[in-house]
Amino acid sequence: MNEITSHHCNLNIWAHLPDEVWNTVANIYERMPGWRGYIDGIPHWFGLEDEDVYIQASVEPSGLSFYAQMNQSDWDSWIGAFKSEATKVLGFEVGEPEDGFV
């Protein structure tokens, strides 16, 4: 059950939010497990695209977007921790817009 699979999600952290929100998001990035830093301006965790396990993020019109390649339980744990921490420090409930988070 440790099969490496692809995962994707968008969060309701929108591109038009003020710089102070994005500065806070950048601080959250750095505190998340597996932080590797920015590579060509793209935040990465655990590895790079040519490795088996990695997470990367980008800001899209649909919100803050994460793409990951890892096993399901590790992904669920990691993205759950990100949502929880972001909710705590940003002051609004962070989640996926398709699940009703605005």
# chains A, B, ... in the order shown; residues from 1 in each chain; ligands from 1
$ residues_around --residues "range 15-29 of chain A" --least-positions-apart "4" --cutoff "12 Å" --atoms "only C-alpha atoms" --output "JSON list (two decimals) with N, CA, C and O atoms, in the first residue's frame"
[["chain", "number", "residue", "atom", "x", "y", "z"],
["A", 10, "ASN", "N", -5.99, 22.12, -5.12],
["A", 10, "ASN", "CA", -6.00, 23.58, -5.10],
["A", 10, "ASN", "C", -6.58, 24.00, -3.76],
["A", 10, "ASN", "O", -7.55, 23.39, -3.29],
["A", 11, "LEU", "N", -6.01, 25.03, -3.18],
["A", 11, "LEU", "CA", -6.52, 25.56, -1.92],
["A", 11, "LEU", "C", -7.03, 26.98, -2.12],
["A", 11, "LEU", "O", -6.61, 27.68, -3.05],
["A", 33, "PRO", "N", 7.35, 19.68, 6.77],
["A", 33, "PRO", "CA", 8.31, 18.59, 6.63],
["A", 33, "PRO", "C", 8.79, 18.45, 5.18],
["A", 33, "PRO", "O", 8.01, 18.60, 4.25],
["A", 34, "GLY", "N", 10.07, 18.19, 5.04],
["A", 34, "GLY", "CA", 10.65, 17.94, 3.73],
["A", 34, "GLY", "C", 11.05, 19.17, 2.94],
["A", 34, "GLY", "O", 11.44, 19.06, 1.77],
["A", 35, "TRP", "N", 10.97, 20.35, 3.56],
["A", 35, "TRP", "CA", 11.28, 21.60, 2.84],
["A", 35, "TRP", "C", 12.65, 21.54, 2.20],
["A", 35, "TRP", "O", 13.64, 21.25, 2.85],
["A", 36, "ARG", "N", 12.70, 21.79, 0.88],
["A", 36, "ARG", "CA", 13.96, 21.81, 0.12],
["A", 36, "ARG", "C", 14.33, 23.21, -0.34],
["A", 36, "ARG", "O", 15.44, 23.45, -0.77],
["A", 37, "GLY", "N", 13.36, 24.12, -0.34],
["A", 37, "GLY", "CA", 13.63, 25.48, -0.78],
["A", 37, "GLY", "C", 12.98, 25.77, -2.13],
["A", 37, "GLY", "O", 12.22, 24.96, -2.67],
["A", 38, "TYR", "N", 13.33, 26.95, -2.64],
["A", 38, "TYR", "CA", 12.80, 27.38, -3.93],
["A", 38, "TYR", "C", 13.78, 26.97, -5.02],
["A", 38, "TYR", "O", 14.98, 27.26, -4.92],
["A", 41, "GLY", "N", 12.32, 29.47, -8.42],
["A", 41, "GLY", "CA", 11.17, 30.19, -7.90],
["A", 41, "GLY", "C", 10.00, 29.33, -7.46],
["A", 41, "GLY", "O", 8.99, 29.85, -7.00],
["A", 42, "ILE", "N", 10.13, 28.02, -7.58],
["A", 42, "ILE", "CA", 9.05, 27.09, -7.24],
["A", 42, "ILE", "C", 9.37, 26.41, -5.92],
["A", 42, "ILE", "O", 10.43, 25.79, -5.79],
["A", 43, "PRO", "N", 8.46, 26.49, -4.93],
["A", 43, "PRO", "CA", 8.72, 25.81, -3.67],
["A", 43, "PRO", "C", 8.67, 24.29, -3.84],
["A", 43, "PRO", "O", 7.79, 23.77, -4.53],
["A", 44, "HIS", "N", 9.64, 23.61, -3.23],
["A", 44, "HIS", "CA", 9.74, 22.14, -3.31],
["A", 44, "HIS", "C", 9.92, 21.53, -1.92],
["A", 44, "HIS", "O", 10.58, 22.12, -1.07],
["A", 45, "TRP", "N", 9.37, 20.35, -1.77],
["A", 45, "TRP", "CA", 9.55, 19.55, -0.56],
["A", 45, "TRP", "C", 9.97, 18.15, -0.98],
["A", 45, "TRP", "O", 9.50, 17.62, -2.00],
["A", 55, "ILE", "N", 6.99, 17.19, -3.65],
["A", 55, "ILE", "CA", 5.83, 18.08, -3.64],
["A", 55, "ILE", "C", 6.32, 19.42, -4.18],
["A", 55, "ILE", "O", 7.42, 19.86, -3.84],
["A", 56, "GLN", "N", 5.49, 20.05, -4.99],
["A", 56, "GLN", "CA", 5.78, 21.41, -5.41],
["A", 56, "GLN", "C", 4.49, 22.22, -5.40],
["A", 56, "GLN", "O", 3.40, 21.65, -5.44],
["A", 57, "ALA", "N", 4.62, 23.53, -5.32],
["A", 57, "ALA", "CA", 3.45, 24.40, -5.26],
["A", 57, "ALA", "C", 3.57, 25.51, -6.29],
["A", 57, "ALA", "O", 4.67, 25.89, -6.69],
["A", 58, "SER", "N", 2.42, 26.02, -6.70],
["A", 58, "SER", "CA", 2.38, 27.19, -7.58],
["A", 58, "SER", "C", 1.09, 27.96, -7.31],
["A", 58, "SER", "O", 0.11, 27.40, -6.82],
["A", 59, "VAL", "N", 1.11, 29.23, -7.62],
["A", 59, "VAL", "CA", -0.07, 30.07, -7.47],
["A", 59, "VAL", "C", -0.76, 30.14, -8.82],
["A", 59, "VAL", "O", -0.16, 30.55, -9.81],
["A", 60, "GLU", "N", -2.01, 29.71, -8.86],
["A", 60, "GLU", "CA", -2.79, 29.63, -10.09],
["A", 60, "GLU", "C", -4.08, 30.42, -9.91],
["A", 60, "GLU", "O", -4.46, 30.73, -8.78],
["A", 61, "PRO", "N", -4.78, 30.72, -11.00],
["A", 61, "PRO", "CA", -6.09, 31.39, -10.86],
["A", 61, "PRO", "C", -7.06, 30.60, -9.98],
["A", 61, "PRO", "O", -7.92, 31.17, -9.32],
["A", 62, "SER", "N", -6.89, 29.29, -9.92],
["A", 62, "SER", "CA", -7.76, 28.43, -9.11],
["A", 62, "SER", "C", -7.33, 28.38, -7.64],
["A", 62, "SER", "O", -7.97, 27.69, -6.85],
["A", 63, "GLY", "N", -6.27, 29.08, -7.27],
["A", 63, "GLY", "CA", -5.80, 29.11, -5.89],
["A", 63, "GLY", "C", -4.39, 28.55, -5.78],
["A", 63, "GLY", "O", -3.72, 28.30, -6.79],
["A", 64, "LEU", "N", -3.94, 28.37, -4.56],
["A", 64, "LEU", "CA", -2.63, 27.78, -4.32],
["A", 64, "LEU", "C", -2.70, 26.31, -4.70],
["A", 64, "LEU", "O", -3.52, 25.56, -4.16],
["A", 65, "SER", "N", -1.88, 25.91, -5.64],
["A", 65, "SER", "CA", -1.96, 24.57, -6.20],
["A", 65, "SER", "C", -0.75, 23.74, -5.78],
["A", 65, "SER", "O", 0.39, 24.22, -5.85],
["A", 66, "PHE", "N", -1.01, 22.52, -5.33],
["A", 66, "PHE", "CA", 0.05, 21.58, -4.97],
["A", 66, "PHE", "C", 0.00, 20.39, -5.91],
["A", 66, "PHE", "O", -1.08, 19.90, -6.24],
["A", 78, "TRP", "N", 0.62, 15.10, 5.01],
["A", 78, "TRP", "CA", 1.32, 16.35, 4.71],
["A", 78, "TRP", "C", 0.34, 17.46, 4.36],
["A", 78, "TRP", "O", 0.41, 18.55, 4.93],
["A", 79, "ILE", "N", -0.57, 17.21, 3.44],
["A", 79, "ILE", "CA", -1.49, 18.27, 3.02],
["A", 79, "ILE", "C", -2.46, 18.61, 4.15],
["A", 79, "ILE", "O", -2.83, 19.77, 4.31],
["A", 81, "ALA", "N", -1.65, 18.61, 7.32],
["A", 81, "ALA", "CA", -0.85, 19.48, 8.20],
["A", 81, "ALA", "C", -0.74, 20.88, 7.62],
["A", 81, "ALA", "O", -0.84, 21.88, 8.35],
["A", 82, "PHE", "N", -0.56, 20.97, 6.30],
["A", 82, "PHE", "CA", -0.47, 22.29, 5.67],
["A", 82, "PHE", "C", -1.78, 23.05, 5.85],
["A", 82, "PHE", "O", -1.78, 24.22, 6.25],
["A", 83, "LYS", "N", -2.89, 22.42, 5.56],
["A", 83, "LYS", "CA", -4.20, 23.07, 5.71],
["A", 83, "LYS", "C", -4.43, 23.52, 7.14],
["A", 83, "LYS", "O", -4.91, 24.63, 7.39],
["A", 84, "SER", "N", -4.09, 22.67, 8.09],
["A", 84, "SER", "CA", -4.28, 23.00, 9.50],
["A", 84, "SER", "C", -3.43, 24.19, 9.92],
["A", 84, "SER", "O", -3.92, 25.13, 10.57],
["A", 85, "GLU", "N", -2.17, 24.18, 9.56],
["A", 85, "GLU", "CA", -1.27, 25.28, 9.92],
["A", 85, "GLU", "C", -1.70, 26.57, 9.23],
["A", 85, "GLU", "O", -1.72, 27.64, 9.84],
["A", 86, "ALA", "N", -2.05, 26.49, 7.94],
["A", 86, "ALA", "CA", -2.48, 27.68, 7.21],
["A", 86, "ALA", "C", -3.76, 28.25, 7.82],
["A", 86, "ALA", "O", -3.89, 29.47, 7.96],
["A", 87, "THR", "N", -4.70, 27.40, 8.18],
["A", 87, "THR", "CA", -5.94, 27.86, 8.82],
["A", 87, "THR", "C", -5.62, 28.60, 10.11],
["A", 87, "THR", "O", -6.17, 29.67, 10.38],
["A", 88, "LYS", "N", -4.71, 28.04, 10.89],
["A", 88, "LYS", "CA", -4.36, 28.64, 12.18],
["A", 88, "LYS", "C", -3.71, 30.01, 12.01],
["A", 88, "LYS", "O", -4.09, 30.96, 12.68],
["A", 89, "VAL", "N", -2.77, 30.15, 11.10],
["A", 89, "VAL", "CA", -2.01, 31.40, 11.02],
["A", 89, "VAL", "C", -2.61, 32.43, 10.06],
["A", 89, "VAL", "O", -2.37, 33.62, 10.24],
["A", 90, "LEU", "N", -3.41, 32.00, 9.09],
["A", 90, "LEU", "CA", -3.99, 32.97, 8.16],
["A", 90, "LEU", "C", -5.31, 33.56, 8.65],
["A", 90, "LEU", "O", -5.75, 34.58, 8.16],
["A", 91, "GLY", "N", -5.96, 32.87, 9.59],
["A", 91, "GLY", "CA", -7.18, 33.42, 10.16],
["A", 91, "GLY", "C", -8.44, 33.11, 9.38],
["A", 91, "GLY", "O", -9.49, 33.71, 9.64],
["A", 92, "PHE", "N", -8.37, 32.20, 8.42],
["A", 92, "PHE", "CA", -9.57, 31.72, 7.73],
["A", 92, "PHE", "C", -9.37, 30.25, 7.43],
["A", 92, "PHE", "O", -8.24, 29.76, 7.39],
["A", 94, "VAL", "N", -8.76, 27.10, 5.59],
["A", 94, "VAL", "CA", -8.11, 26.77, 4.33],
["A", 94, "VAL", "C", -8.54, 25.37, 3.91],
["A", 94, "VAL", "O", -8.49, 24.42, 4.69]]
$ select_by_dssp --residues "chain A" --states "alpha helix (DSSP H)" --output "VMD selection string"
chain A and resid 19 to 31 72 to 90
$ residues_around --residues "Val102 in chain A" --least-positions-apart "3" --cutoff "9 Å" --atoms "only C-alpha atoms" --output "number ranges by chain"
A: 12-13, 93-98
$ write_last_selection --atoms "N, CA, C and O atoms" --output "PDB file, in the first residue's frame"
ATOM      1  N   ASN A  12      -7.903  27.401  -1.242  1.00  0.00           N
ATOM      2  CA  ASN A  12      -8.519  28.721  -1.328  1.00  0.00           C
ATOM      3  C   ASN A  12      -7.602  29.832  -0.803  1.00  0.00           C
ATOM      4  O   ASN A  12      -8.029  30.734  -0.101  1.00  0.00           O
ATOM      5  N   ILE A  13      -6.358  29.770  -1.189  1.00  0.00           N
ATOM      6  CA  ILE A  13      -5.404  30.846  -0.922  1.00  0.00           C
ATOM      7  C   ILE A  13      -5.170  31.483  -2.291  1.00  0.00           C
ATOM      8  O   ILE A  13      -4.471  30.934  -3.144  1.00  0.00           O
ATOM      9  N   GLU A  93     -10.479  29.535   7.260  1.00  0.00           N
ATOM     10  CA  GLU A  93     -10.396  28.099   7.047  1.00  0.00           C
ATOM     11  C   GLU A  93      -9.867  27.804   5.649  1.00  0.00           C
ATOM     12  O   GLU A  93     -10.456  28.224   4.656  1.00  0.00           O
ATOM     13  N   VAL A  94      -8.760  27.099   5.595  1.00  0.00           N
ATOM     14  CA  VAL A  94      -8.112  26.768   4.334  1.00  0.00           C
ATOM     15  C   VAL A  94      -8.541  25.370   3.910  1.00  0.00           C
ATOM     16  O   VAL A  94      -8.486  24.421   4.685  1.00  0.00           O
ATOM     17  N   GLY A  95      -8.972  25.281   2.661  1.00  0.00           N
ATOM     18  CA  GLY A  95      -9.390  23.990   2.103  1.00  0.00           C
ATOM     19  C   GLY A  95      -9.571  24.120   0.600  1.00  0.00           C
ATOM     20  O   GLY A  95      -9.229  25.132  -0.004  1.00  0.00           O
ATOM     21  N   GLU A  96     -10.129  23.094   0.029  1.00  0.00           N
ATOM     22  CA  GLU A  96     -10.299  23.039  -1.421  1.00  0.00           C
ATOM     23  C   GLU A  96     -11.623  23.687  -1.822  1.00  0.00           C
ATOM     24  O   GLU A  96     -12.671  23.343  -1.268  1.00  0.00           O
ATOM     25  N   PRO A  97     -11.584  24.628  -2.771  1.00  0.00           N
ATOM     26  CA  PRO A  97     -12.816  25.308  -3.195  1.00  0.00           C
ATOM     27  C   PRO A  97     -13.916  24.335  -3.633  1.00  0.00           C
ATOM     28  O   PRO A  97     -15.092  24.568  -3.336  1.00  0.00           O
ATOM     29  N   GLU A  98     -13.551  23.233  -4.264  1.00  0.00           N
ATOM     30  CA  GLU A  98     -14.572  22.280  -4.701  1.00  0.00           C
ATOM     31  C   GLU A  98     -15.251  21.591  -3.521  1.00  0.00           C
ATOM     32  O   GLU A  98     -16.307  20.973  -3.681  1.00  0.00           O
TER      33      GLU A  98
END
$ atom_distance --atom1 "CA of Ile39 in chain A" --atom2 "CA of Ile4 in chain A"
22.4 Å
$ select_by_dssp --residues "chain A" --states "strand (DSSP E)" --output "ChimeraX atom specification"
/A:4-11,35-39,42-45,54-60,63-71
$ residues_around --residues "range 68-73 of chain A" --least-positions-apart "3" --cutoff "8 Å" --atoms "only C-alpha atoms" --output "list in words"
Met1, Asn2, Glu3, Ile4, Thr5, Ser6, His7, His8, Asp52, Val53, Tyr54, Ile55, Gln56, Asp76 and Ser77 of chain A
